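First the structure, in the form of structure tokens, and then the observations on it.
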Amino acid sequence: MNGCMANDSLQNTRRLCPPRVYVENWLSVSYVPYYLPCPEIFNMKLQYKGEKPFQPVTPSQYPQPKLLEQKPTELLTLTPWLAPIVSEGTFDPELLHRIYQPLNLTVGVTVFAVGKYTQFVQHFLESAEQFFMQGFRVHYYVFTNDPTAIPRVRLGSGRLASIIPIQGHSRWEEISTRRMETISQHIAERAHREIDYLFCLDVDMVFRNPWGPETLGDLVAAIHPGYFAVPRQQFPYERRPLSTAFVAGGEGDFYYGGAVFGGRVARVYDFTRGCHMGILADKANGIMAAWQEESHLNRRFISHKPSKVLSPEYLWDDRKPQPPSLKLIRFSTLDKDTDWLRS
Amino acid sequence: RDPFWLCLILLFAVLLGFYSASPSTLSPALSTLFSSLSERDCHLDTCRIPEVPRYQRSHLWAVSVRVDVLVMTPWFAPIIWDGTFDSAILDAQFRNITVGLTVFAIKKYVVFLKLFLETAEKHFMVGHKVNYYVFTDQPANVPQIPLQEGRQVVVLEVRNYKRWQDISMHRMEMISNFSQQRFLREVHYLVCLDVDMKFSDHVGVEILAPLFGTLHPGFYRGDRQSFTYERRPLSQAYIPRDEGDFYYAGGFFGGSVPEVYRLTMACHQVMMADQANGIEAVWHDESHLNRYLLYHKPSKVLSPEYLWDEHMLQRPPLLRKLRYVAVPKNHAEIRNR
């Protein structure tokens, strides 16, 4: 394929067909030069780390589950497609630990620290070291345009961090929407060999309480803290039919946050690739979805329903008052000046 | 000029790829192996067409439909009761799957086949492809039932045993043998059922999971100490008094083919070990099934709606539907002849 830049995995430059000037003018795309993925991305066959069959749980003592207990839960615990909704009290952390520990899993985390967002990395990693997947092997992938700005954080045993240089962009929306592409390429190029599960998290957040194997699932979404008590007609979906992220009035289950999603690495690959295709198609049509890749993520989660949903405990906004039904906030945003950060 | 047209073609390919790319080109059985922990995903090209049906809960703070029962185990396995699931969504998620149903009609039990199959045609996995695997020692006595499209009866001739306990226990061996030989290639999920039963209400894809068990109707209320687990430490099916989640019924279990294979193979092996040690578990294959599911937690648990006996138990209000129920039989007459 002539015109594609060779991929240099050290620099992680994307496989691009550089746009020609006259094509750009012809399409009159006002804000960004569009780009096209090379065909290899369509056809990549990834050899994932081996499938693990159910492993036996070691015998142990714990209370018997009470089938007929009257439990007026305030939070829903099961979606209509039978995906668990994870919140404090719905699971036994020790039991889950005993189920998942023997599987020798490695959990990956992607974060993007571009421009001024590099300042969040330290606090993010330090809090992750305290609360995220304790007792598991963890691999942090920190994508940044300025590797020198990433601090060295001491990590526990079995935990690694890789700093991956990416291209910066002048517009923050561009940085945000490129994440889907970067994550899917990263999985294709290396992560599929290194990790079993992957979480894609925002960096301007901290862990405040344990985040453990209760979050592991085939395809995991988290409910946006701003919309969990709101009817679907008021979700900030993309409402323009021209966009591939369009959601009609009667559609939708929950409004999921773009700051947390994940699952088995094969499913995350398909998911991010699908979102990226939608974003590309929108670019070609000269439209950007209302909430950038979060709109595309929400569109995709309607048709590819998550197998597990995390309650807003796992994606909280500290500026909001904590309702009594959310017992344990585990991951939340830091109060910050977003205008300055995005400038 | 050439690169210009090349880029246009690529753009066209991008849009084509988005609208019609199919993520999985693997054969069904291999696909299951790759995604053994989850339900089927729908493919890109048809995902956006079905309207998501309206249902009551559109936000997180809605009250659960069922507050009278537990709907999820502490290890996140949904417990399937009427009202917990939306069949329209699940049917869309489980499009294009084939379900295998195994049933054993040995010696006099062939008489149950007709009603079993007729009611299965009305209620079991309607709208999906089904293979009924009928294990029998009398292939000629398997009744001819009119079947819906996409459904077929496969008769598998097997030996019988003198004792009904042995017939019951050797089901594990036979299912594991055939899982390897043919089920892996033919179906995505296996549902292993007793034959002396009939379907009386919907049993659909809501039950499908990598591994599922069903709550025994006689014990869903009880404490673990009262469960009729095997209590002699000499047996491989032994479960101590302070352990146990539920008492699962031997007459309704299943899962993906690889998981059912593992379960049936494991149960068969430990039953052989018990036989060598001169001991037989108190409830035979059901005792071994319970031990397996205690240490290999199922990913879904079916409520007693899915296995009930109206003649032995009074139906409580929490059972809104009875889906699969016992057919009255004279135990003494039907066994061991």
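By convention in this document, the chains of the structure tokens carry letters A, B, ... by their order, each chain's residues are numbered from 1, and ligands are numbered from 1 in the order they are shown.
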>> So that I can check the secondary structure, give me every residue of stretch 107-171 of chain B assigned strand (DSSP E) by backbone DSSP, as a list in words.
In response: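 Put together, the selection reads Lys129, Val130, Asn131, Tyr132, Tyr133, Val134, Phe135, Thr136, Arg151, Gln152, Val153, Val154, Val155, Leu156 and Glu157 of chain B.
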> B:Pro78: which residues within 9 Å, counting only C-alpha atoms, same-chain residues fewer than 4 positions away excluded, as a list of chain:residue names?
Replying inline: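 My list of contacting residues is A:Leu78, A:Leu82, A:Ala83, A:Pro84, B:Leu70, B:Val71, B:Met72, B:Thr73, B:Thr84, B:Ser299, B:Lys300, B:Val301, B:Leu302.
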> Counting only C-alpha atoms, what is within 10 Å of A:Gly156, bar same-chain residues fewer than 6 positions away, as number ranges by chain?
Replying inline: A: 129-130, 134-135, 137-138
> Leaving out B:Leu208 and any residue of its chain fewer than 2 positions from it, which residues lie within 7 Å of it when counting only C-alpha atoms, given as a list in words?
Replying inline: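 Final neighbour list, sorted by chain and number: Val205, Glu206 and Gly255 of chain B.
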> How far is it from atom CA of A:Ala245 to atom CA of A:Gln185, in Å with one decimal?
Replying inline: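 Spanning atom CA of A:Ala245 to atom CA of A:Gln185 is a straight-line distance of 21.2 Å.
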>> Can you tell me, as a ChimeraX atom specification, which residues in stretch 51-296 of chain B count as helix (DSSP H, G or I) by DSSP?
In response: /B:87-93,107-123,139-141,164-186,205-207,224-226,257-276,285-295
Mind dumping a table of every stretch 241-333 of chain A residue within 8 Å of stretch 203-210 of chain A, with the nearest atom pair and its distance in Å to one decimal, using only C-alpha atoms, sorted by chain and rising number, as JSON lines?
{"residue": "A:Leu328", "atom": "CA", "partner": "A:Asn209", "partner_atom": "CA", "distance": 7.1}
{"residue": "A:Ile329", "atom": "CA", "partner": "A:Asn209", "partner_atom": "CA", "distance": 6.5}
{"residue": "A:Arg330", "atom": "CA", "partner": "A:Asn209", "partner_atom": "CA", "distance": 4.2}
{"residue": "A:Phe331", "atom": "CA", "partner": "A:Phe207", "partner_atom": "CA", "distance": 4.3}
{"residue": "A:Ser332", "atom": "CA", "partner": "A:Met205", "partner_atom": "CA", "distance": 5.4}
{"residue": "A:Thr333", "atom": "CA", "partner": "A:Met205", "partner_atom": "CA", "distance": 4.3}
> Using only C-alpha atoms, which residues sit within 7 Å of stretch 309-325 of chain B once same-chain residues fewer than 4 positions away are excluded, as a list in words?
Replying inline: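 Here the qualifying residues turn out to be Asp82, Met197, Lys198, Phe199, Ser200, Asp201, His202, Val203 and Glu305 of chain B.
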> Suppose you want the space between atom CA of A:Ile195 and atom CA of A:Arg264; what is it in Å?
Replying inline: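 So the answer is 8.8 Å.
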>> Using only C-alpha atoms for the distances, tell me which of A:Phe228, A:Tyr237, A:Tyr140, A:Phe301 is nearest to chain B.
In response: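 That would be A:Phe228, the residue with the smallest distance to chain B.
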> Got a sec: who's within 9 Å of B:Val111, counting only C-alpha atoms, leaving out chain neighbours fewer than 2 positions off, as a list in words?
Replying inline: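 Counting only the stated atoms, we get Ala105, Lys108, Tyr109, Leu113, Lys114, Leu115, Asn141, Val142 and Asp196 of chain B.
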Would you save the residues of that selection, restricted to all heavy atoms, as a PDB file, in the first residue's frame?
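After the write, out00.pdb holds the following:
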ATOM      1  N   ALA B 105     -34.071 -41.775  27.454  1.00  0.00           N
ATOM      2  CA  ALA B 105     -35.307 -42.569  27.496  1.00  0.00           C
ATOM      3  C   ALA B 105     -34.893 -44.029  27.418  1.00  0.00           C
ATOM      4  O   ALA B 105     -34.836 -44.627  26.342  1.00  0.00           O
ATOM      5  CB  ALA B 105     -36.216 -42.193  26.339  1.00  0.00           C
ATOM      6  N   LYS B 108     -38.254 -48.432  30.295  1.00  0.00           N
ATOM      7  CA  LYS B 108     -39.655 -48.003  30.264  1.00  0.00           C
ATOM      8  C   LYS B 108     -39.821 -46.491  30.112  1.00  0.00           C
ATOM      9  O   LYS B 108     -40.918 -46.010  29.839  1.00  0.00           O
ATOM     10  CB  LYS B 108     -40.367 -48.450  31.539  1.00  0.00           C
ATOM     11  CG  LYS B 108     -40.625 -49.939  31.583  1.00  0.00           C
ATOM     12  CD  LYS B 108     -41.817 -50.294  32.449  1.00  0.00           C
ATOM     13  CE  LYS B 108     -42.259 -51.723  32.148  1.00  0.00           C
ATOM     14  NZ  LYS B 108     -43.409 -52.136  32.968  1.00  0.00           N
ATOM     15  N   TYR B 109     -38.766 -45.752  30.274  1.00  0.00           N
ATOM     16  CA  TYR B 109     -38.895 -44.295  30.229  1.00  0.00           C
ATOM     17  C   TYR B 109     -39.195 -43.753  28.834  1.00  0.00           C
ATOM     18  O   TYR B 109     -39.473 -42.568  28.680  1.00  0.00           O
ATOM     19  CB  TYR B 109     -37.637 -43.634  30.805  1.00  0.00           C
ATOM     20  CG  TYR B 109     -37.628 -43.596  32.330  1.00  0.00           C
ATOM     21  CD1 TYR B 109     -37.485 -44.769  33.072  1.00  0.00           C
ATOM     22  CD2 TYR B 109     -37.784 -42.407  33.021  1.00  0.00           C
ATOM     23  CE1 TYR B 109     -37.507 -44.742  34.449  1.00  0.00           C
ATOM     24  CE2 TYR B 109     -37.792 -42.365  34.415  1.00  0.00           C
ATOM     25  CZ  TYR B 109     -37.656 -43.541  35.123  1.00  0.00           C
ATOM     26  OH  TYR B 109     -37.670 -43.515  36.492  1.00  0.00           O
ATOM     27  N   LEU B 113     -41.453 -39.840  26.266  1.00  0.00           N
ATOM     28  CA  LEU B 113     -40.896 -39.022  25.190  1.00  0.00           C
ATOM     29  C   LEU B 113     -41.932 -38.191  24.454  1.00  0.00           C
ATOM     30  O   LEU B 113     -41.682 -37.033  24.100  1.00  0.00           O
ATOM     31  CB  LEU B 113     -40.159 -39.900  24.177  1.00  0.00           C
ATOM     32  CG  LEU B 113     -38.693 -40.190  24.479  1.00  0.00           C
ATOM     33  CD1 LEU B 113     -38.144 -41.158  23.441  1.00  0.00           C
ATOM     34  CD2 LEU B 113     -37.879 -38.899  24.484  1.00  0.00           C
ATOM     35  N   LYS B 114     -43.088 -38.807  24.203  1.00  0.00           N
ATOM     36  CA  LYS B 114     -44.058 -38.113  23.347  1.00  0.00           C
ATOM     37  C   LYS B 114     -44.479 -36.771  23.955  1.00  0.00           C
ATOM     38  O   LYS B 114     -44.382 -35.727  23.323  1.00  0.00           O
ATOM     39  CB  LYS B 114     -45.278 -39.012  23.119  1.00  0.00           C
ATOM     40  CG  LYS B 114     -46.292 -38.452  22.145  1.00  0.00           C
ATOM     41  CD  LYS B 114     -47.264 -39.558  21.695  1.00  0.00           C
ATOM     42  CE  LYS B 114     -48.243 -39.050  20.651  1.00  0.00           C
ATOM     43  NZ  LYS B 114     -49.156 -38.026  21.192  1.00  0.00           N
ATOM     44  N   LEU B 115     -44.914 -36.818  25.210  1.00  0.00           N
ATOM     45  CA  LEU B 115     -45.360 -35.580  25.865  1.00  0.00           C
ATOM     46  C   LEU B 115     -44.197 -34.601  26.026  1.00  0.00           C
ATOM     47  O   LEU B 115     -44.340 -33.396  25.840  1.00  0.00           O
ATOM     48  CB  LEU B 115     -45.979 -35.906  27.229  1.00  0.00           C
ATOM     49  CG  LEU B 115     -46.610 -34.734  27.960  1.00  0.00           C
ATOM     50  CD1 LEU B 115     -47.753 -34.148  27.142  1.00  0.00           C
ATOM     51  CD2 LEU B 115     -47.108 -35.171  29.339  1.00  0.00           C
ATOM     52  N   ASN B 141     -38.697 -47.227  19.319  1.00  0.00           N
ATOM     53  CA  ASN B 141     -39.809 -46.718  20.123  1.00  0.00           C
ATOM     54  C   ASN B 141     -39.794 -45.219  20.308  1.00  0.00           C
ATOM     55  O   ASN B 141     -40.601 -44.679  21.068  1.00  0.00           O
ATOM     56  CB  ASN B 141     -39.810 -47.397  21.503  1.00  0.00           C
ATOM     57  CG  ASN B 141     -40.286 -48.838  21.396  1.00  0.00           C
ATOM     58  OD1 ASN B 141     -40.929 -49.215  20.420  1.00  0.00           O
ATOM     59  ND2 ASN B 141     -39.970 -49.646  22.404  1.00  0.00           N
ATOM     60  N   VAL B 142     -38.875 -44.530  19.632  1.00  0.00           N
ATOM     61  CA  VAL B 142     -38.873 -43.072  19.725  1.00  0.00           C
ATOM     62  C   VAL B 142     -40.003 -42.538  18.856  1.00  0.00           C
ATOM     63  O   VAL B 142     -40.032 -42.802  17.651  1.00  0.00           O
ATOM     64  CB  VAL B 142     -37.515 -42.492  19.271  1.00  0.00           C
ATOM     65  CG1 VAL B 142     -37.566 -40.969  19.245  1.00  0.00           C
ATOM     66  CG2 VAL B 142     -36.402 -42.979  20.186  1.00  0.00           C
ATOM     67  N   ASP B 196     -38.889 -37.555  32.340  1.00  0.00           N
ATOM     68  CA  ASP B 196     -40.216 -37.798  32.927  1.00  0.00           C
ATOM     69  C   ASP B 196     -40.847 -36.483  33.369  1.00  0.00           C
ATOM     70  O   ASP B 196     -41.311 -36.327  34.499  1.00  0.00           O
ATOM     71  CB  ASP B 196     -40.107 -38.781  34.095  1.00  0.00           C
ATOM     72  CG  ASP B 196     -39.027 -38.385  35.104  1.00  0.00           C
ATOM     73  OD1 ASP B 196     -38.262 -37.440  34.832  1.00  0.00           O
ATOM     74  OD2 ASP B 196     -38.943 -39.046  36.154  1.00  0.00           O
TER      75      ASP B 196
END
> Which neighbours of A:Glu293 fall inside 7 Å, counting only C-alpha atoms, when residues of the same chain fewer than 2 positions from it are skipped, and could you give them as a ChimeraX atom specification?
Replying inline: /A:176-177,291,295-297
